[in-house]
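Shown next: upload_19.cif, containing mmCIF, C-alpha atoms.
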```
data_run
loop_
_atom_site.label_atom_id
_atom_site.label_comp_id
_atom_site.auth_asym_id
_atom_site.auth_seq_id
_atom_site.Cartn_x
_atom_site.Cartn_y
_atom_site.Cartn_z
CA GLY A 1 0.00 0.00 0.00
CA ALA A 2 0.87 3.67 -0.20
CA VAL A 3 3.53 4.81 2.22
CA VAL A 4 3.45 8.51 1.35
CA SER A 5 0.24 10.49 0.91
CA GLN A 6 -0.45 13.95 -0.46
CA HIS A 7 -3.41 16.24 -0.03
CA PRO A 8 -5.13 17.54 -2.01
CA SER A 9 -4.75 15.43 -5.12
CA TRP A 10 -5.80 18.36 -7.25
CA VAL A 11 -6.57 22.01 -6.66
CA ILE A 12 -7.72 24.93 -8.77
CA CYS A 13 -7.07 28.42 -7.47
CA LYS A 14 -7.24 31.97 -8.70
CA SER A 15 -4.17 33.99 -9.52
CA GLY A 16 -2.81 35.80 -6.47
CA THR A 17 -4.06 33.34 -3.90
CA SER A 18 -1.97 30.89 -1.85
CA VAL A 19 -2.27 27.12 -1.86
CA LYS A 20 -0.99 24.63 0.70
CA ILE A 21 -0.08 21.05 -0.19
CA GLU A 22 0.50 18.42 2.49
CA CYS A 23 2.84 15.44 2.32
CA ARG A 24 2.64 12.70 4.96
CA SER A 25 4.68 9.60 5.57
CA LEU A 26 2.14 7.01 6.63
CA ASP A 27 3.94 4.32 8.59
CA PHE A 28 7.43 5.67 9.11
CA GLN A 29 9.15 8.80 10.28
CA ALA A 30 10.97 11.03 7.84
CA THR A 31 13.39 13.68 9.03
CA THR A 32 13.85 14.65 5.40
CA MET A 33 11.32 14.97 2.62
CA PHE A 34 11.71 16.25 -0.92
CA TRP A 35 9.49 18.38 -3.11
CA TYR A 36 9.50 18.08 -6.90
CA ARG A 37 7.58 19.66 -9.70
CA GLN A 38 6.87 18.04 -13.02
CA PHE A 39 5.66 19.65 -16.23
CA PRO A 40 3.82 17.62 -18.88
CA LYS A 41 6.00 15.00 -20.55
CA GLN A 42 9.02 16.11 -18.55
CA SER A 43 10.92 14.50 -15.74
CA LEU A 44 10.91 15.44 -12.08
CA MET A 45 12.77 18.56 -11.04
CA LEU A 46 13.84 18.81 -7.42
CA MET A 47 12.64 22.05 -5.84
CA ALA A 48 13.73 21.75 -2.25
CA THR A 49 14.69 19.50 0.61
CA SER A 50 12.43 19.72 3.65
CA ASN A 51 14.22 19.18 6.97
CA GLU A 52 12.31 18.43 10.15
CA GLY A 53 12.89 21.14 12.72
CA SER A 54 15.03 23.34 10.51
CA LYS A 55 14.92 25.44 7.37
CA ALA A 56 14.36 23.90 4.00
CA THR A 57 17.16 23.79 1.44
CA TYR A 58 16.14 25.14 -1.94
CA GLU A 59 17.60 24.24 -5.32
CA GLN A 60 19.14 26.93 -7.46
CA GLY A 61 16.51 29.03 -9.18
CA VAL A 62 13.66 28.15 -6.81
CA GLU A 63 12.24 31.16 -4.99
CA LYS A 64 12.13 30.39 -1.29
CA ASP A 65 9.69 33.21 -0.58
CA LYS A 66 7.29 31.89 -3.15
CA PHE A 67 7.45 28.21 -2.23
CA LEU A 68 7.26 28.07 1.55
CA ILE A 69 8.13 24.72 3.11
CA ASN A 70 7.39 23.67 6.66
CA HIS A 71 8.39 20.34 8.16
CA ALA A 72 6.74 20.58 11.55
CA SER A 73 6.74 16.91 12.48
CA LEU A 74 8.45 13.67 11.54
CA THR A 75 5.52 12.65 9.35
CA LEU A 76 4.35 15.90 7.77
CA SER A 77 5.82 18.43 5.37
CA THR A 78 3.84 21.21 3.72
CA LEU A 79 4.49 23.24 0.59
CA THR A 80 2.70 26.56 0.27
CA VAL A 81 2.66 28.24 -3.11
CA THR A 82 2.22 31.93 -2.29
CA SER A 83 0.65 34.46 -4.64
CA ALA A 84 0.19 31.77 -7.25
CA HIS A 85 0.31 32.64 -10.95
CA PRO A 86 -0.66 30.59 -14.00
CA GLU A 87 2.99 29.68 -14.60
CA ASP A 88 2.98 27.89 -11.23
CA SER A 89 0.47 25.41 -12.62
CA SER A 90 2.20 22.05 -12.48
CA PHE A 91 2.24 18.60 -10.90
CA TYR A 92 3.84 18.76 -7.45
CA ILE A 93 5.19 15.55 -5.95
CA CYS A 94 6.81 14.85 -2.59
CA SER A 95 9.02 11.96 -1.54
CA ALA A 96 10.52 10.58 1.62
CA PRO A 97 13.36 8.13 2.24
CA ARG A 98 12.41 5.14 4.32
CA GLY A 99 14.71 3.23 6.61
CA ASN A 100 18.40 2.74 5.96
CA THR A 101 18.16 1.55 2.36
CA TYR A 102 18.16 5.06 0.80
CA GLU A 103 15.04 4.07 -1.11
CA GLN A 104 12.64 6.94 -1.61
CA TYR A 105 8.91 6.62 -1.81
CA PHE A 106 6.82 9.14 -3.66
CA GLY A 107 3.41 10.55 -2.98
CA PRO A 108 0.66 10.39 -5.59
CA GLY A 109 1.18 14.01 -6.58
CA THR A 110 -0.92 17.18 -6.50
CA ARG A 111 -2.14 18.80 -9.70
CA LEU A 112 -2.21 22.58 -9.26
CA THR A 113 -4.03 24.73 -11.78
CA VAL A 114 -3.90 28.50 -11.37
CA THR A 115 -6.50 30.44 -13.35
CA GLU B 116 27.58 17.83 -11.57
CA ASP B 117 25.64 14.58 -11.56
CA GLN B 118 23.94 13.76 -14.86
CA VAL B 119 21.52 11.09 -15.95
CA THR B 120 20.54 10.45 -19.58
CA GLN B 121 17.87 7.97 -20.58
CA SER B 122 17.30 6.51 -24.02
CA PRO B 123 15.24 6.15 -26.00
CA GLU B 124 12.79 8.91 -25.09
CA ALA B 125 9.90 6.79 -26.29
CA LEU B 126 9.45 3.13 -27.15
CA ARG B 127 6.55 1.42 -28.88
CA LEU B 128 6.45 -2.34 -28.49
CA GLN B 129 4.15 -5.10 -29.55
CA GLU B 130 2.94 -7.31 -26.74
CA GLY B 131 5.57 -9.98 -26.20
CA GLU B 132 8.34 -7.99 -27.88
CA SER B 133 11.21 -7.79 -25.41
CA SER B 134 13.39 -4.68 -25.25
CA SER B 135 15.81 -2.73 -23.09
CA LEU B 136 15.89 0.80 -21.74
CA ASN B 137 19.19 2.55 -21.15
CA CYS B 138 20.24 4.88 -18.35
CA SER B 139 23.69 6.45 -18.64
CA TYR B 140 25.03 8.34 -15.69
CA THR B 141 27.94 10.38 -14.43
CA VAL B 142 28.26 10.88 -10.72
CA SER B 143 31.13 11.71 -8.40
CA GLY B 144 30.47 8.64 -6.27
CA LEU B 145 27.46 6.42 -6.68
CA ARG B 146 25.51 5.50 -3.60
CA GLY B 147 22.63 3.99 -5.53
CA LEU B 148 20.79 3.91 -8.84
CA PHE B 149 17.01 3.76 -8.76
CA TRP B 150 14.37 2.75 -11.26
CA TYR B 151 10.81 3.99 -10.97
CA ARG B 152 7.64 3.49 -12.97
CA GLN B 153 5.29 6.41 -13.41
CA ASP B 154 1.76 6.21 -14.75
CA PRO B 155 0.08 9.36 -16.11
CA GLY B 156 -1.13 11.67 -13.35
CA LYS B 157 0.48 9.63 -10.59
CA GLY B 158 3.63 9.70 -8.52
CA PRO B 159 6.57 7.45 -9.34
CA GLU B 160 6.37 3.88 -8.08
CA PHE B 161 9.57 2.35 -6.76
CA LEU B 162 10.91 -0.61 -8.73
CA PHE B 163 14.58 -1.29 -7.94
CA THR B 164 17.69 -0.01 -6.27
CA LEU B 165 21.12 -1.06 -7.54
CA TYR B 166 24.21 -0.28 -5.51
CA SER B 167 27.24 -1.72 -7.26
CA ALA B 168 28.42 -2.70 -10.73
CA GLY B 169 27.42 -6.21 -11.66
CA GLU B 170 24.30 -6.17 -9.52
CA GLU B 171 21.05 -7.38 -11.03
CA LYS B 172 17.49 -7.36 -9.72
CA GLU B 173 14.29 -8.82 -11.12
CA LYS B 174 10.61 -8.25 -10.62
CA GLU B 175 8.10 -10.05 -12.78
CA ARG B 176 8.92 -9.10 -16.40
CA LEU B 177 11.48 -6.47 -15.42
CA LYS B 178 15.19 -6.94 -14.84
CA ALA B 179 17.60 -4.15 -13.95
CA THR B 180 21.36 -4.35 -14.36
CA LEU B 181 24.17 -1.96 -13.47
CA THR B 182 27.65 -1.20 -14.77
CA LYS B 183 30.00 1.59 -13.77
CA LYS B 184 28.57 3.90 -16.43
CA GLU B 185 25.04 2.74 -17.18
CA SER B 186 22.05 0.73 -16.17
CA PHE B 187 19.63 -1.23 -18.28
CA LEU B 188 16.02 -2.06 -17.61
CA HIS B 189 15.08 -5.14 -19.58
CA ILE B 190 11.41 -5.78 -20.25
CA THR B 191 10.77 -9.39 -21.17
CA ALA B 192 7.59 -10.32 -23.07
CA PRO B 193 5.84 -7.08 -22.13
CA LYS B 194 2.11 -6.78 -21.67
CA PRO B 195 -0.05 -3.71 -22.27
CA GLU B 196 -0.11 -3.07 -18.51
CA ASP B 197 3.64 -2.45 -18.67
CA SER B 198 2.92 0.75 -20.56
CA ALA B 199 4.25 3.63 -18.46
CA THR B 200 7.14 6.07 -18.18
CA TYR B 201 10.21 4.51 -16.64
CA LEU B 202 12.45 6.86 -14.70
CA CYS B 203 16.06 6.35 -13.70
CA ALA B 204 17.68 8.31 -10.89
CA VAL B 205 21.05 8.37 -9.15
CA GLN B 206 21.95 9.20 -5.61
CA ALA B 207 25.47 10.44 -4.97
CA ILE B 208 27.58 9.80 -1.91
CA GLY B 209 27.61 12.91 0.22
CA ALA B 210 24.44 14.33 -1.33
CA GLY B 211 22.14 13.25 1.45
CA ASN B 212 19.16 11.46 -0.03
CA LYS B 213 18.87 13.71 -3.08
CA LEU B 214 17.99 12.04 -6.35
CA THR B 215 18.97 13.25 -9.81
CA PHE B 216 16.50 12.04 -12.42
CA GLY B 217 16.89 11.29 -16.09
CA GLY B 218 14.30 12.41 -18.60
CA GLY B 219 12.47 9.10 -18.60
CA THR B 220 11.47 6.61 -21.29
CA ARG B 221 7.80 6.45 -22.29
CA VAL B 222 6.92 2.87 -23.09
CA LEU B 223 3.77 1.91 -24.96
CA VAL B 224 2.96 -1.77 -25.34
CA LYS B 225 0.32 -2.51 -27.94
CA PRO B 226 -1.78 -5.68 -27.77
#
```

Mind turning the file's structure into structure tokens?
Amino acid sequence: GAVVSQHPSWVICKSGTSVKIECRSLDFQATTMFWYRQFPKQSLMLMATSNEGSKATYEQGVEKDKFLINHASLTLSTLTVTSAHPEDSSFYICSAPRGNTYEQYFGPGTRLTVT
Amino acid sequence: EDQVTQSPEALRLQEGESSSLNCSYTVSGLRGLFWYRQDPGKGPEFLFTLYSAGEEKEKERLKATLTKKESFLHITAPKPEDSATYLCAVQAIGAGNKLTFGGGTRVLVKP
């Protein structure tokens, strides 16, 4: 069964509003989680690393003030897209490593559409 | 900088027609190479992890192999339900748990 969940699975919002996406590890604790975005027919691009109890680490070119990440517990990370614009429309996916095998498990993704 | 290149970009197969997908990589020090399957509108599903050259892993009709420069995902006698995008990713030593993904190979298996 699924080991990482995301909520919501899809969201439509108006330009200028903020949207929060949740990522939960279901049966394990994750001190680190990762956020990706994926455009149609393209691969996953890492946006940021979410660290429990400390600041997130953002990849080059990702605006930290626009994509706010909070990792408040060992099973929950949130991504907030602030002042969303149509160009932020994308498929956002989170992942978490499980155990000591370095294997990462991905959530089902969240489809964001900004109108 | 770690790089992952997958080929071909797309592959159309007849049911039962075996084939191989390639994943070439350059990484400072390889901790692990990962294969995922992704269906449209869904998150990637974990398939395999390979850690060292010469390692092989199998799951149903899929077999993954690893050399020092590339990995292959062999699909034996594919079925239409094997249609998906297959993603390859590397994890470098010293990079935490970060994954660097290739562009993926879209596989379509026709009945």

Given the file above and the PyMOL selection byres ((chain B and resi 150-166) around 7), which residues are selected, and can you give them as a PDB file with C-alpha atoms, in the coordinates of the input?
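Written file, out_29.pdb:
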```pdb
ATOM      1  CA  ILE A  93       5.190  15.550  -5.950  1.00  0.00           C
ATOM      2  CA  TYR A 105       8.910   6.620  -1.810  1.00  0.00           C
ATOM      3  CA  PHE A 106       6.820   9.140  -3.660  1.00  0.00           C
ATOM      4  CA  GLY A 107       3.410  10.550  -2.980  1.00  0.00           C
ATOM      5  CA  PRO A 108       0.660  10.390  -5.590  1.00  0.00           C
ATOM      6  CA  GLY A 109       1.180  14.010  -6.580  1.00  0.00           C
TER       7      GLY A 109
ATOM      8  CA  ARG B 146      25.510   5.500  -3.600  1.00  0.00           C
ATOM      9  CA  GLY B 147      22.630   3.990  -5.530  1.00  0.00           C
ATOM     10  CA  LEU B 148      20.790   3.910  -8.840  1.00  0.00           C
ATOM     11  CA  PHE B 149      17.010   3.760  -8.760  1.00  0.00           C
ATOM     12  CA  SER B 167      27.240  -1.720  -7.260  1.00  0.00           C
ATOM     13  CA  GLU B 170      24.300  -6.170  -9.520  1.00  0.00           C
ATOM     14  CA  LYS B 172      17.490  -7.360  -9.720  1.00  0.00           C
ATOM     15  CA  LEU B 181      24.170  -1.960 -13.470  1.00  0.00           C
ATOM     16  CA  ALA B 199       4.250   3.630 -18.460  1.00  0.00           C
ATOM     17  CA  THR B 200       7.140   6.070 -18.180  1.00  0.00           C
ATOM     18  CA  TYR B 201      10.210   4.510 -16.640  1.00  0.00           C
ATOM     19  CA  LEU B 202      12.450   6.860 -14.700  1.00  0.00           C
ATOM     20  CA  CYS B 203      16.060   6.350 -13.700  1.00  0.00           C
ATOM     21  CA  ALA B 204      17.680   8.310 -10.890  1.00  0.00           C
TER      22      ALA B 204
END
```

Closest atom pairs, chain A residues within 12 Å of chain B, all atoms listed in the file, as a tab-separated table:
```
residue	atom	partner	partner_atom	distance
A:Gly1	CA	B:Glu160	CA	11.0
A:Ala2	CA	B:Glu160	CA	9.6
A:Val3	CA	B:Glu160	CA	10.7
A:Val4	CA	B:Gly158	CA	9.9
A:Ser5	CA	B:Gly158	CA	10.1
A:Gln6	CA	B:Gly158	CA	10.0
A:Ser9	CA	B:Lys157	CA	9.5
A:Trp10	CA	B:Gly156	CA	10.2
A:Ala30	CA	B:Asn212	CA	11.4
A:Thr31	CA	B:Asn212	CA	11.0
A:Thr32	CA	B:Asn212	CA	8.2
A:Met33	CA	B:Asn212	CA	9.0
A:Phe34	CA	B:Lys213	CA	7.9
A:Trp35	CA	B:Lys213	CA	10.5
A:Tyr36	CA	B:Gly158	CA	10.4
A:Arg37	CA	B:Gly158	CA	10.8
A:Gln38	CA	B:Gly158	CA	10.0
A:Phe39	CA	B:Gly156	CA	10.9
A:Pro40	CA	B:Pro155	CA	9.5
A:Lys41	CA	B:Arg221	CA	8.9
A:Gln42	CA	B:Gly218	CA	6.4
A:Ser43	CA	B:Gly218	CA	4.9
A:Leu44	CA	B:Phe216	CA	6.6
A:Met45	CA	B:Phe216	CA	7.6
A:Leu46	CA	B:Thr215	CA	7.9
A:Met47	CA	B:Lys213	CA	10.8
A:Ala48	CA	B:Lys213	CA	9.6
A:Thr49	CA	B:Lys213	CA	8.0
A:Ser50	CA	B:Lys213	CA	11.1
A:Asn51	CA	B:Gly211	CA	11.3
A:Thr57	CA	B:Lys213	CA	11.2
A:Tyr58	CA	B:Lys213	CA	11.8
A:Glu59	CA	B:Lys213	CA	10.8
A:Ser90	CA	B:Gly156	CA	10.9
A:Phe91	CA	B:Gly156	CA	8.1
A:Tyr92	CA	B:Gly158	CA	9.1
A:Ile93	CA	B:Gly158	CA	6.6
A:Cys94	CA	B:Gly158	CA	8.5
A:Ser95	CA	B:Gly158	CA	9.1
A:Ala96	CA	B:Asn212	CA	8.8
A:Pro97	CA	B:Asn212	CA	7.1
A:Arg98	CA	B:Asn212	CA	10.2
A:Gly99	CA	B:Asn212	CA	11.5
A:Asn100	CA	B:Asn212	CA	10.6
A:Thr101	CA	B:Thr164	CA	8.8
A:Tyr102	CA	B:Asn212	CA	6.5
A:Glu103	CA	B:Thr164	CA	7.1
A:Gln104	CA	B:Phe161	CA	7.6
A:Tyr105	CA	B:Phe161	CA	6.6
A:Phe106	CA	B:Gly158	CA	5.8
A:Gly107	CA	B:Gly158	CA	5.6
A:Pro108	CA	B:Gly158	CA	4.2
A:Gly109	CA	B:Gly158	CA	5.3
A:Thr110	CA	B:Lys157	CA	8.7
A:Arg111	CA	B:Gly156	CA	8.1
A:Leu112	CA	B:Gly156	CA	11.7
```

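Between Leu177 (chain B) and the residues B:Ser134, B:Gln129, B:Ser143, B:Thr120, the shortest atom-to-atom distance, using only C-alpha atoms, involves B:Ser134.
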
message: Please list as a VMD selection string every residue within 8 Å of Asp197 (chain B), counting all atoms listed in the file and excluding residues in the same chain fewer than 2 positions away.
response: chain B and resid 193 to 195 199 222 to 224

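Residues selected in this file by the PyMOL selection byres ((chain A and resi 114) around 8) comprise Ile12, Cys13, Lys14, Ser15, Ala84, His85, Pro86, Glu87, Asp88, Ser89, Leu112, Thr113 and Thr115 of chain A.
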
message: With the PyMOL selection byres ((chain B and resi 208) around 7) as the selection, what would be picked from this file? Answer as a PyMOL selection string, please.
response: chain B and resi 144-146+206-207+209-210

May I have the selected residues written with C-alpha atoms, as a PDB file, in the coordinates of the input?
```pdb
ATOM      1  CA  GLY B 144      30.470   8.640  -6.270  1.00  0.00           C
ATOM      2  CA  LEU B 145      27.460   6.420  -6.680  1.00  0.00           C
ATOM      3  CA  ARG B 146      25.510   5.500  -3.600  1.00  0.00           C
ATOM      4  CA  GLN B 206      21.950   9.200  -5.610  1.00  0.00           C
ATOM      5  CA  ALA B 207      25.470  10.440  -4.970  1.00  0.00           C
ATOM      6  CA  GLY B 209      27.610  12.910   0.220  1.00  0.00           C
ATOM      7  CA  ALA B 210      24.440  14.330  -1.330  1.00  0.00           C
TER       8      ALA B 210
END
```

- prompt: Quick one, how far is CA of Gly131 (chain B) from CA of Val119 (chain B)?
  reply: 28.3 Å

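For the pair CA of Gly61 (chain A) and CA of Leu79 (chain A), the separation is 16.5 Å.
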
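Atom pair CA of Ser73 (chain A) / CA of Thr17 (chain A) has a distance of 25.6 Å (rounded to one decimal).
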
- request: Counting all atoms listed in the file, figure out which residue out of A:Ser18, A:Gln29, A:His7, A:Cys23 gets nearest to Phe67 (chain A).
  value: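 Nearest to Phe67 (chain A): A:Ser18.
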
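The residue that comes closest to Thr191 (chain B), out of B:Glu173, B:Gln118, B:Ser139, B:Val205 and on the basis of only C-alpha atoms, is B:Glu173.
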
query: Which residues, written as a list of chain:residue names, have at least one atom at most 7 Å from region 19-21 of chain A, with all atoms listed in the file counted and residues fewer than 6 positions away on the same chain left out?
result: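 In the requested form, the answer reads A:His7, A:Pro8, A:Thr78, A:Leu79, A:Thr80, A:Val81, A:Thr82.
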